[in-house]
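What follows is coords_11.csv (CSV, C-alpha atoms and all ligand atoms).
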chain,number,residue,atom,x,y,z
A,22,MET,CA,56.6,55.4,-28.1
A,23,ILE,CA,56.9,51.8,-29.2
A,24,VAL,CA,55.8,50.2,-32.5
A,25,GLY,CA,55.4,46.5,-33.0
A,26,GLY,CA,55.1,44.6,-36.2
A,27,ASN,CA,53.2,41.4,-35.9
A,28,TRP,CA,53.9,39.3,-39.0
A,29,LYS,CA,51.5,36.6,-37.9
A,30,CYS,CA,51.7,33.3,-39.8
A,31,ASN,CA,52.9,35.1,-43.0
A,32,LEU,CA,56.0,35.1,-45.2
A,33,THR,CA,58.3,32.4,-46.5
A,34,ARG,CA,61.9,32.3,-45.3
A,35,ALA,CA,63.1,34.3,-48.3
A,36,LYS,CA,60.4,37.0,-47.9
A,37,ALA,CA,61.0,37.3,-44.2
A,38,LEU,CA,64.7,37.9,-44.8
A,39,GLU,CA,63.9,40.4,-47.5
A,40,LEU,CA,61.7,42.3,-45.1
A,41,ALA,CA,64.3,42.2,-42.4
A,42,GLU,CA,66.8,43.6,-44.8
A,43,GLN,CA,64.5,46.5,-45.6
A,44,LEU,CA,63.9,47.1,-41.9
A,45,ASN,CA,67.6,47.8,-41.4
A,46,GLU,CA,66.9,51.0,-43.3
A,47,LEU,CA,64.3,52.2,-40.8
A,48,ASP,CA,64.9,55.4,-39.0
A,49,THR,CA,64.2,54.4,-35.4
A,50,THR,CA,65.3,57.6,-33.7
A,51,ASP,CA,63.1,58.2,-30.7
A,52,VAL,CA,60.9,55.2,-31.3
A,53,GLU,CA,61.4,51.6,-30.0
A,54,VAL,CA,60.6,49.1,-32.8
A,55,VAL,CA,59.9,45.4,-32.3
A,56,VAL,CA,59.0,42.9,-35.0
A,57,ALA,CA,57.5,39.4,-34.5
A,58,PRO,CA,58.2,36.8,-37.2
A,59,VAL,CA,56.9,33.2,-36.9
A,60,ALA,CA,58.9,31.3,-34.4
A,61,LEU,CA,60.6,29.2,-37.1
A,62,HIS,CA,62.0,32.4,-38.7
A,63,VAL,CA,63.1,34.1,-35.5
A,64,PRO,CA,66.8,33.1,-35.6
A,65,LEU,CA,67.0,33.8,-39.3
A,66,VAL,CA,65.6,37.3,-38.9
A,67,GLN,CA,67.7,37.9,-35.8
A,68,ALA,CA,70.8,37.2,-37.8
A,69,LYS,CA,69.7,39.6,-40.5
A,70,LEU,CA,68.5,42.5,-38.3
A,71,LYS,CA,70.8,45.2,-37.1
A,72,ARG,CA,70.5,46.5,-33.5
A,73,ALA,CA,67.9,49.2,-34.2
A,74,VAL,CA,65.0,46.8,-34.5
A,75,SER,CA,64.2,44.3,-31.7
A,76,LEU,CA,62.6,40.9,-32.0
A,77,ALA,CA,59.5,39.4,-30.4
A,78,ALA,CA,58.0,35.9,-30.5
A,79,GLN,CA,54.3,35.8,-31.2
A,80,ASN,CA,53.6,33.4,-28.4
A,81,CYS,CA,55.3,31.3,-25.7
A,82,GLY,CA,54.4,28.5,-23.3
A,83,PHE,CA,53.0,28.9,-19.8
A,84,ALA,CA,55.2,26.7,-17.7
A,85,GLY,CA,58.8,26.6,-18.8
A,86,ASN,CA,60.4,23.6,-20.5
A,87,GLY,CA,58.8,20.1,-20.3
A,88,ALA,CA,56.2,17.9,-21.8
A,89,TYR,CA,54.4,20.6,-23.8
A,90,THR,CA,54.3,19.3,-27.4
A,91,GLY,CA,54.2,22.2,-29.9
A,92,GLU,CA,55.2,24.9,-27.5
A,93,VAL,CA,58.2,27.2,-27.3
A,94,SER,CA,59.1,28.2,-23.8
A,95,ALA,CA,60.0,31.7,-22.5
A,96,GLU,CA,63.3,30.4,-21.3
A,97,GLN,CA,64.2,29.1,-24.8
A,98,LEU,CA,63.4,32.5,-26.2
A,99,VAL,CA,65.6,34.2,-23.6
A,100,ALA,CA,68.4,31.7,-24.4
A,101,LEU,CA,68.2,32.7,-28.0
A,102,GLU,CA,68.4,36.4,-26.9
A,103,VAL,CA,64.9,37.2,-28.1
A,104,PRO,CA,63.9,40.1,-25.8
A,105,TRP,CA,60.1,40.3,-26.4
A,106,VAL,CA,57.0,38.2,-26.7
A,107,ILE,CA,53.4,39.0,-27.7
A,108,ILE,CA,50.9,37.4,-25.3
A,109,GLY,CA,47.1,37.5,-25.5
A,110,HIS,CA,46.6,38.4,-29.1
A,111,SER,CA,42.9,38.0,-30.1
A,112,GLU,CA,43.8,35.4,-32.7
A,113,ARG,CA,45.3,33.3,-29.9
A,114,ARG,CA,42.3,33.9,-27.7
A,115,THR,CA,39.8,33.0,-30.5
A,116,HIS,CA,41.4,30.3,-32.6
A,117,PHE,CA,43.5,28.6,-29.8
A,118,ARG,CA,41.0,29.2,-27.0
A,119,GLU,CA,43.5,30.9,-24.7
A,120,ASP,CA,41.6,32.2,-21.7
A,121,ASP,CA,42.5,34.9,-19.2
A,122,ASP,CA,43.9,32.5,-16.6
A,123,LEU,CA,46.2,30.8,-19.2
A,124,LEU,CA,47.3,34.2,-20.5
A,125,ALA,CA,48.1,35.4,-17.0
A,126,ALA,CA,50.2,32.2,-16.4
A,127,LYS,CA,52.0,32.8,-19.7
A,128,LEU,CA,52.7,36.4,-18.8
A,129,ASP,CA,54.0,35.4,-15.4
A,130,ASP,CA,56.2,32.7,-16.9
A,131,ALA,CA,57.6,35.1,-19.5
A,132,LEU,CA,58.4,37.8,-16.9
A,133,LYS,CA,60.0,35.2,-14.7
A,134,ALA,CA,62.2,34.1,-17.6
A,135,GLY,CA,63.2,37.7,-18.2
A,136,LEU,CA,61.2,38.5,-21.3
A,137,ARG,CA,59.5,41.8,-22.0
A,138,VAL,CA,55.9,41.4,-23.1
A,139,ILE,CA,53.3,43.1,-25.3
A,140,PHE,CA,50.1,42.0,-23.7
A,141,CYS,CA,46.9,42.4,-25.8
A,142,VAL,CA,43.4,43.1,-24.8
A,143,GLY,CA,40.3,44.2,-26.7
A,144,GLU,CA,36.6,43.8,-27.2
A,145,SER,CA,34.5,42.2,-30.0
A,146,HIS,CA,32.1,44.1,-32.1
A,147,ALA,CA,29.1,42.8,-30.1
A,148,GLU,CA,30.8,43.8,-26.9
A,149,ARG,CA,31.4,47.3,-28.1
A,150,ALA,CA,27.8,47.6,-29.4
A,151,ALA,CA,26.7,46.5,-25.9
A,152,GLY,CA,28.8,49.3,-24.3
A,153,GLN,CA,31.1,46.7,-22.6
A,154,THR,CA,34.4,47.8,-24.1
A,155,VAL,CA,36.1,48.9,-20.9
A,156,GLU,CA,34.5,46.1,-18.8
A,157,VAL,CA,35.9,43.5,-21.2
A,158,CYS,CA,39.4,44.9,-21.2
A,159,VAL,CA,39.4,45.3,-17.4
A,160,ARG,CA,38.3,41.6,-17.1
A,161,GLN,CA,41.2,40.6,-19.5
A,162,LEU,CA,43.6,42.5,-17.3
A,163,ALA,CA,42.4,41.3,-13.9
A,164,GLY,CA,44.9,38.4,-13.5
A,165,VAL,CA,47.7,40.4,-15.2
A,166,LEU,CA,47.5,43.4,-12.8
A,167,ARG,CA,47.7,41.1,-9.8
A,168,LEU,CA,51.1,39.7,-10.9
A,169,PRO,CA,53.9,41.2,-8.7
A,170,ARG,CA,56.2,41.0,-11.8
A,171,PHE,CA,54.0,43.3,-13.8
A,172,THR,CA,55.9,46.6,-14.2
A,173,PRO,CA,55.8,49.2,-17.0
A,174,ALA,CA,59.5,48.5,-17.7
A,175,ARG,CA,58.6,44.9,-18.7
A,176,VAL,CA,55.1,45.0,-20.0
A,177,VAL,CA,53.5,47.1,-22.7
A,178,LEU,CA,49.7,46.9,-23.2
A,179,ALA,CA,48.2,46.7,-26.6
A,180,TYR,CA,44.6,47.8,-26.9
A,181,GLU,CA,43.3,46.0,-30.0
A,182,PRO,CA,39.6,46.0,-30.7
A,183,VAL,CA,38.9,42.6,-32.3
A,184,TRP,CA,36.6,44.2,-34.8
A,185,ALA,CA,39.4,46.4,-36.1
A,186,ILE,CA,42.1,43.7,-36.5
A,187,GLY,CA,42.7,42.9,-40.2
A,188,THR,CA,39.3,44.4,-41.2
A,189,GLY,CA,40.2,47.9,-42.4
A,190,LEU,CA,37.9,49.3,-39.7
A,191,VAL,CA,40.1,51.4,-37.5
A,192,ALA,CA,39.0,52.8,-34.1
A,193,THR,CA,38.2,56.5,-34.3
A,194,PRO,CA,40.6,58.8,-32.5
A,195,ALA,CA,37.9,59.4,-29.9
A,196,GLN,CA,37.3,55.7,-29.4
A,197,ALA,CA,41.0,54.9,-29.0
A,198,GLN,CA,41.7,57.8,-26.7
A,199,GLN,CA,38.6,57.1,-24.5
A,200,THR,CA,39.6,53.4,-24.1
A,201,HIS,CA,43.3,54.1,-23.5
A,202,ALA,CA,42.5,56.7,-20.9
A,203,ALA,CA,40.0,54.4,-19.2
A,204,LEU,CA,42.6,51.6,-19.1
A,205,ARG,CA,45.2,53.9,-17.7
A,206,ALA,CA,42.8,55.1,-15.0
A,207,HIS,CA,42.1,51.5,-14.2
A,208,VAL,CA,45.8,50.6,-13.8
A,209,ALA,CA,46.2,53.7,-11.6
A,210,ARG,CA,43.4,52.4,-9.3
A,211,GLU,CA,44.7,48.8,-9.3
A,212,ARG,CA,48.4,49.5,-9.0
A,213,SER,CA,49.5,53.2,-8.7
A,214,ALA,CA,49.4,56.5,-10.5
A,215,GLU,CA,53.1,56.1,-11.1
A,216,VAL,CA,52.7,52.7,-12.8
A,217,ALA,CA,49.8,54.0,-14.9
A,218,ALA,CA,51.8,57.1,-16.0
A,219,ARG,CA,54.8,55.0,-17.1
A,220,LEU,CA,52.8,52.2,-18.7
A,221,ARG,CA,52.9,52.3,-22.5
A,222,ILE,CA,49.6,51.5,-24.2
A,223,GLN,CA,49.7,50.7,-27.9
A,224,TYR,CA,46.7,50.9,-30.2
A,225,GLY,CA,46.3,48.0,-32.7
A,226,GLY,CA,43.7,47.4,-35.4
A,227,SER,CA,44.1,48.3,-39.1
A,228,VAL,CA,46.7,50.9,-38.4
A,229,SER,CA,48.0,52.2,-41.7
A,230,ALA,CA,50.0,55.0,-43.3
A,231,ALA,CA,46.7,56.9,-43.8
A,232,ASN,CA,45.5,56.8,-40.2
A,233,CYS,CA,48.6,56.6,-38.0
A,234,ALA,CA,49.4,60.3,-37.6
A,235,GLU,CA,46.1,61.3,-35.9
A,236,LEU,CA,46.2,58.2,-33.7
A,237,ALA,CA,49.8,58.8,-32.7
A,238,ALA,CA,49.0,62.4,-31.7
A,239,LEU,CA,46.5,61.2,-29.0
A,240,PRO,CA,47.8,61.8,-25.4
A,241,ASP,CA,47.2,58.2,-24.2
A,242,VAL,CA,48.4,56.4,-27.3
A,243,ASP,CA,52.0,55.4,-26.8
A,244,GLY,CA,52.6,53.5,-30.1
A,245,PHE,CA,51.1,50.9,-32.3
A,246,LEU,CA,50.9,47.1,-32.8
A,247,VAL,CA,50.6,46.7,-36.5
A,248,GLY,CA,49.6,43.6,-38.4
A,249,GLY,CA,49.1,43.8,-42.2
A,250,ALA,CA,50.9,47.0,-42.7
A,251,SER,CA,54.0,45.7,-40.9
A,252,LEU,CA,54.6,43.4,-43.9
A,253,ARG,CA,55.1,46.4,-46.2
A,254,ALA,CA,58.4,48.1,-45.3
A,255,ALA,CA,57.6,51.5,-46.7
A,256,GLU,CA,54.2,51.7,-45.0
A,257,PHE,CA,55.6,50.4,-41.7
A,258,ALA,CA,58.3,53.1,-41.9
A,259,THR,CA,55.7,55.8,-42.2
A,260,ILE,CA,53.9,54.3,-39.1
A,261,VAL,CA,57.1,54.3,-37.1
A,262,ARG,CA,57.9,57.9,-38.1
A,263,SER,CA,54.4,59.0,-37.0
A,264,CYS,CA,55.5,58.0,-33.4
A,265,ALA,CA,58.8,59.9,-33.4
A,301,LIG,C1,47.4,42.7,-35.2
A,301,LIG,O1,47.6,41.6,-35.7
A,301,LIG,O2,47.8,42.8,-34.0
A,301,LIG,C2,46.8,43.7,-36.0
A,301,LIG,C3,46.5,44.9,-35.3
A,301,LIG,O3,46.5,43.5,-37.3
A,301,LIG,P1,46.1,44.6,-38.4
A,301,LIG,O4,47.1,45.7,-38.2
A,301,LIG,O5,46.3,43.9,-39.7
A,301,LIG,O6,44.7,45.0,-38.1

What do you get writing this file as structure tokens?
Ligand code: PEP
Amino acid sequence: MIVGGNWKCNLTRAKALELAEQLNELDTTDVEVVVAPVALHVPLVQAKLKRAVSLAAQNCGFAGNGAYTGEVSAEQLVALEVPWVIIGHSERRTHFREDDDLLAAKLDDALKAGLRVIFCVGESHAERAAGQTVEVCVRQLAGVLRLPRFTPARVVLAYEPVWAIGTGLVATPAQAQQTHAALRAHVARERSAEVAARLRIQYGGSVSAANCAELAALPDVDGFLVGGASLRAAEFATIVRSCA
């Protein structure tokens, strides 16, 4: 099981360091834990964290170093010894217009540089209402599953229904299990049964101390990507322990 904490564009330097200090108390036995501060805070948090919690960037460029104002490249993250990056978060897709082709290019560049990636997919409320959940996720995965560098050792999928992110509306266990199982079956068809079985699929979207236990118990849920609750150390600890 793997639990990610996506801090998004939150926290001051002091608050990020305080949270990192609290994370050093986490019991990470049997659970991989990764947290993603804003890029500016990554080296500060890295210096504060002990080994039990890994670091992720929340984004990276698509084409290495060069004339890409405002970007941070995958190779720069690797040089800083940042092991993970989140790619394809719905906030990047929506606010920054990142499309499936760009995201597949980012994923390929990140894997080429040696990063491990949490790759996010998920449908909007209207798409779920129209019965298109799996179709949308499959479309978001099309370029990704074609990449020769895509392996379960290097990529974790995060199923994050857009309507559940930051809204307090969490997928029901049945909705989460159905979608995770459908995505795993799709990966089995496109790649192999072995890749699908080894692939870890996180659920993300309003995960909290109150709902994590029943979601963590689902057979195809292999951890969580947590936004809001990852900013509260005690609640994040409860979520991590639900995956142990
Ligand atoms: C996220 O940002 O990936 C997320 C799932 O946010 P939240 O837990 O706040 O819904």

Within 8 Å of ligand LIG 301 (chain A), which residues of chain A come that close, and what is the closest atom pair and distance in Å for each? Count only C-alpha atoms and all ligand atoms and give it as a tab-separated table.
residue	atom	partner	partner_atom	distance
A:Gly26	CA	A:LIG301	O2	7.8
A:Asn27	CA	A:LIG301	O1	5.6
A:Trp28	CA	A:LIG301	O1	7.5
A:Lys29	CA	A:LIG301	O1	6.7
A:His110	CA	A:LIG301	O2	6.7
A:Ser111	CA	A:LIG301	O2	7.9
A:Glu112	CA	A:LIG301	O1	7.9
A:Glu181	CA	A:LIG301	C3	6.3
A:Ala185	CA	A:LIG301	O6	5.8
A:Ile186	CA	A:LIG301	O6	3.3
A:Gly187	CA	A:LIG301	O6	3.6
A:Thr188	CA	A:LIG301	O6	6.3
A:Gly189	CA	A:LIG301	O6	6.9
A:Val191	CA	A:LIG301	O6	7.9
A:Tyr224	CA	A:LIG301	C3	7.9
A:Gly225	CA	A:LIG301	C3	4.1
A:Gly226	CA	A:LIG301	O6	3.7
A:Ser227	CA	A:LIG301	O6	3.5
A:Val228	CA	A:LIG301	O4	5.2
A:Ser229	CA	A:LIG301	O4	7.4
A:Leu246	CA	A:LIG301	O2	5.4
A:Val247	CA	A:LIG301	O4	4.0
A:Gly248	CA	A:LIG301	O4	3.3
A:Gly249	CA	A:LIG301	O5	3.8
A:Ala250	CA	A:LIG301	O4	6.0
A:Ser251	CA	A:LIG301	O4	7.4

Subject >> Residues within 8 Å of A:Ala254, all atoms listed in the file, excluding chain neighbours under 6 positions, as a ChimeraX atom specification >> reply: /A:40,43-44

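Each of A:Val74, A:Pro104, A:Val55, A:His146 was checked against A:Leu190 using all atoms listed in the file; the smallest atom-to-atom distance is that of A:His146.
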
**OP:** For A:Ala217, please output as a PyMOL selection string all residues within 12 Å (counting all atoms listed in the file; exclusion window: fewer than 6 positions along the same chain).
**Re:** chain A and resi 166+171-174+176-178+201-211+241

**OP:** Would you please work out which residue, of A:Ile222, A:Ala37, A:Ala125, A:Ala131, is nearest to A:Arg160 when using only C-alpha atoms?
**Re:** A:Ala125

**OP:** Using all atoms listed in the file, determine which residues lie at most 12 Å from A:Thr115, disregarding the query and same-chain residues fewer than 5 positions distant; provide the list as number ranges by chain.
**Re:** A: 109-110, 120-121, 143-145, 183

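You will find atom CA of A:Ile23 at 4.6 Å from atom CA of A:Glu53.
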
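Taking only C-alpha atoms into account, A:Gly25 lies nearest to A:Ala57 out of the set A:Leu47, A:Ala57, A:Ala163, A:Ala78.
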
Original post:
Near A:Glu39, counting all atoms listed in the file, which residues have an atom at most 10 Å away, once you skip same-chain residues fewer than 5 positions from it, shown as a PyMOL selection string?
Top reply: chain A and resi 32-34+44+66+69+254

Create the file for the chosen residues now, containing C-alpha atoms and written as a PDB file, keeping the file's coordinate frame.
ATOM      1  CA  LEU A  32      56.000  35.100 -45.200  1.00  0.00           C
ATOM      2  CA  THR A  33      58.300  32.400 -46.500  1.00  0.00           C
ATOM      3  CA  ARG A  34      61.900  32.300 -45.300  1.00  0.00           C
ATOM      4  CA  LEU A  44      63.900  47.100 -41.900  1.00  0.00           C
ATOM      5  CA  VAL A  66      65.600  37.300 -38.900  1.00  0.00           C
ATOM      6  CA  LYS A  69      69.700  39.600 -40.500  1.00  0.00           C
ATOM      7  CA  ALA A 254      58.400  48.100 -45.300  1.00  0.00           C
TER       8      ALA A 254
END

Counting all atoms listed in the file, write as an mmCIF file with C-alpha atoms, keeping the file's coordinate frame all protein and nucleic acid residues lying at most 9 Å from (51.6, 57.9, -38.9) in the file's frame.
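File part-v2.cif, as written:
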data_model
loop_
_atom_site.group_PDB
_atom_site.id
_atom_site.type_symbol
_atom_site.label_atom_id
_atom_site.label_comp_id
_atom_site.auth_asym_id
_atom_site.auth_seq_id
_atom_site.Cartn_x
_atom_site.Cartn_y
_atom_site.Cartn_z
ATOM 1 C CA VAL A 228 46.700 50.900 -38.400
ATOM 2 C CA SER A 229 48.000 52.200 -41.700
ATOM 3 C CA ALA A 230 50.000 55.000 -43.300
ATOM 4 C CA ALA A 231 46.700 56.900 -43.800
ATOM 5 C CA ASN A 232 45.500 56.800 -40.200
ATOM 6 C CA CYS A 233 48.600 56.600 -38.000
ATOM 7 C CA ALA A 234 49.400 60.300 -37.600
ATOM 8 C CA GLU A 235 46.100 61.300 -35.900
ATOM 9 C CA LEU A 236 46.200 58.200 -33.700
ATOM 10 C CA ALA A 237 49.800 58.800 -32.700
ATOM 11 C CA ALA A 238 49.000 62.400 -31.700
ATOM 12 C CA PHE A 257 55.600 50.400 -41.700
ATOM 13 C CA ALA A 258 58.300 53.100 -41.900
ATOM 14 C CA THR A 259 55.700 55.800 -42.200
ATOM 15 C CA ILE A 260 53.900 54.300 -39.100
ATOM 16 C CA VAL A 261 57.100 54.300 -37.100
ATOM 17 C CA ARG A 262 57.900 57.900 -38.100
ATOM 18 C CA SER A 263 54.400 59.000 -37.000
ATOM 19 C CA CYS A 264 55.500 58.000 -33.400
#

**OP:** Rank A:Ala41, A:Val165, A:Ala147, A:Ala68 by their smallest atom-to-atom distance to A:Trp184, using all atoms listed in the file, and report the top residue only.
**Re:** A:Ala147

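Distance annotation: of A:Cys81, A:Val93, A:Leu38, A:Val142, the residue with the minimal separation from A:Ile107 is A:Cys81; atom set is all atoms listed in the file.
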
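The two atoms in question, atom CA of A:Ser94 and atom CA of A:Leu123, are spaced 13.9 Å apart.
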
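Minimum atom-to-atom distance to A:Arg149, evaluated using all atoms listed in the file, belongs to A:Thr200 out of A:Thr200, A:Leu132, A:Ala179, A:Phe117.
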
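One distance worth recording is that between atom CA of A:Arg175 and atom CA of A:Arg137, which is 4.6 Å.
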
**OP:** Using only C-alpha atoms, determine which residues lie at most 12 Å from A:Ala95, disregarding the query and same-chain residues fewer than 2 positions distant; provide the list as a VMD selection string.
**Re:** chain A and resid 60 77 to 87 92 to 93 97 to 108 126 to 138

Filled-in N, CA and C atoms of stretch 201-228 of chain A, supplied as a short mmCIF file (atom, residue, chain, number, x, y, z; two decimals), in the coordinates of the input:
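Below is the file that was written, part37.cif:
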data_model
loop_
_atom_site.label_atom_id
_atom_site.label_comp_id
_atom_site.auth_asym_id
_atom_site.auth_seq_id
_atom_site.Cartn_x
_atom_site.Cartn_y
_atom_site.Cartn_z
N HIS A 201 41.94 54.03 -24.12
CA HIS A 201 43.30 54.10 -23.50
C HIS A 201 43.26 54.82 -22.19
N ALA A 202 42.54 55.94 -22.15
CA ALA A 202 42.50 56.70 -20.90
C ALA A 202 41.78 55.92 -19.80
N ALA A 203 40.74 55.19 -20.17
CA ALA A 203 40.00 54.40 -19.20
C ALA A 203 40.92 53.25 -18.66
N LEU A 204 41.70 52.65 -19.54
CA LEU A 204 42.60 51.60 -19.10
C LEU A 204 43.69 52.13 -18.20
N ARG A 205 44.19 53.29 -18.55
CA ARG A 205 45.20 53.90 -17.70
C ARG A 205 44.68 54.23 -16.33
N ALA A 206 43.46 54.74 -16.30
CA ALA A 206 42.80 55.10 -15.00
C ALA A 206 42.63 53.81 -14.18
N HIS A 207 42.27 52.74 -14.87
CA HIS A 207 42.10 51.50 -14.20
C HIS A 207 43.41 50.97 -13.56
N VAL A 208 44.48 51.07 -14.33
CA VAL A 208 45.80 50.60 -13.80
C VAL A 208 46.20 51.51 -12.63
N ALA A 209 45.88 52.80 -12.70
CA ALA A 209 46.20 53.70 -11.60
C ALA A 209 45.48 53.25 -10.31
N ARG A 210 44.20 52.85 -10.47
CA ARG A 210 43.40 52.40 -9.30
C ARG A 210 43.97 51.07 -8.76
N GLU A 211 44.31 50.15 -9.69
CA GLU A 211 44.70 48.80 -9.30
C GLU A 211 46.16 48.73 -8.80
N ARG A 212 47.01 49.56 -9.40
CA ARG A 212 48.40 49.50 -9.00
C ARG A 212 48.84 50.84 -8.42
N SER A 213 49.16 51.83 -9.24
CA SER A 213 49.50 53.20 -8.70
C SER A 213 49.45 54.17 -9.82
N ALA A 214 49.37 55.43 -9.44
CA ALA A 214 49.40 56.50 -10.50
C ALA A 214 50.71 56.47 -11.21
N GLU A 215 51.79 56.15 -10.51
CA GLU A 215 53.10 56.10 -11.10
C GLU A 215 53.21 55.03 -12.18
N VAL A 216 52.73 53.84 -11.82
CA VAL A 216 52.70 52.70 -12.80
C VAL A 216 51.91 53.08 -13.99
N ALA A 217 50.73 53.65 -13.75
CA ALA A 217 49.80 54.00 -14.90
C ALA A 217 50.48 55.03 -15.79
N ALA A 218 51.16 56.00 -15.19
CA ALA A 218 51.80 57.10 -16.00
C ALA A 218 52.90 56.52 -16.86
N ARG A 219 53.63 55.54 -16.32
CA ARG A 219 54.80 55.00 -17.10
C ARG A 219 54.39 53.92 -18.07
N LEU A 220 53.21 53.33 -17.88
CA LEU A 220 52.80 52.20 -18.70
C LEU A 220 52.56 52.70 -20.17
N ARG A 221 53.16 51.97 -21.12
CA ARG A 221 52.90 52.30 -22.50
C ARG A 221 51.75 51.49 -23.05
N ILE A 222 50.80 52.19 -23.68
CA ILE A 222 49.60 51.50 -24.20
C ILE A 222 49.59 51.74 -25.74
N GLN A 223 49.78 50.63 -26.47
CA GLN A 223 49.70 50.70 -27.90
C GLN A 223 48.29 50.56 -28.41
N TYR A 224 48.01 51.17 -29.56
CA TYR A 224 46.70 50.90 -30.20
C TYR A 224 47.06 49.90 -31.38
N GLY A 225 46.18 48.92 -31.58
CA GLY A 225 46.30 48.00 -32.70
C GLY A 225 44.97 47.75 -33.35
N GLY A 226 44.96 47.65 -34.67
CA GLY A 226 43.70 47.40 -35.40
C GLY A 226 43.65 48.21 -36.64
N SER A 227 44.11 47.62 -37.76
CA SER A 227 44.10 48.30 -39.10
C SER A 227 44.80 49.65 -39.08
N VAL A 228 45.89 49.73 -38.33
CA VAL A 228 46.70 50.90 -38.40
C VAL A 228 47.40 50.95 -39.78
#
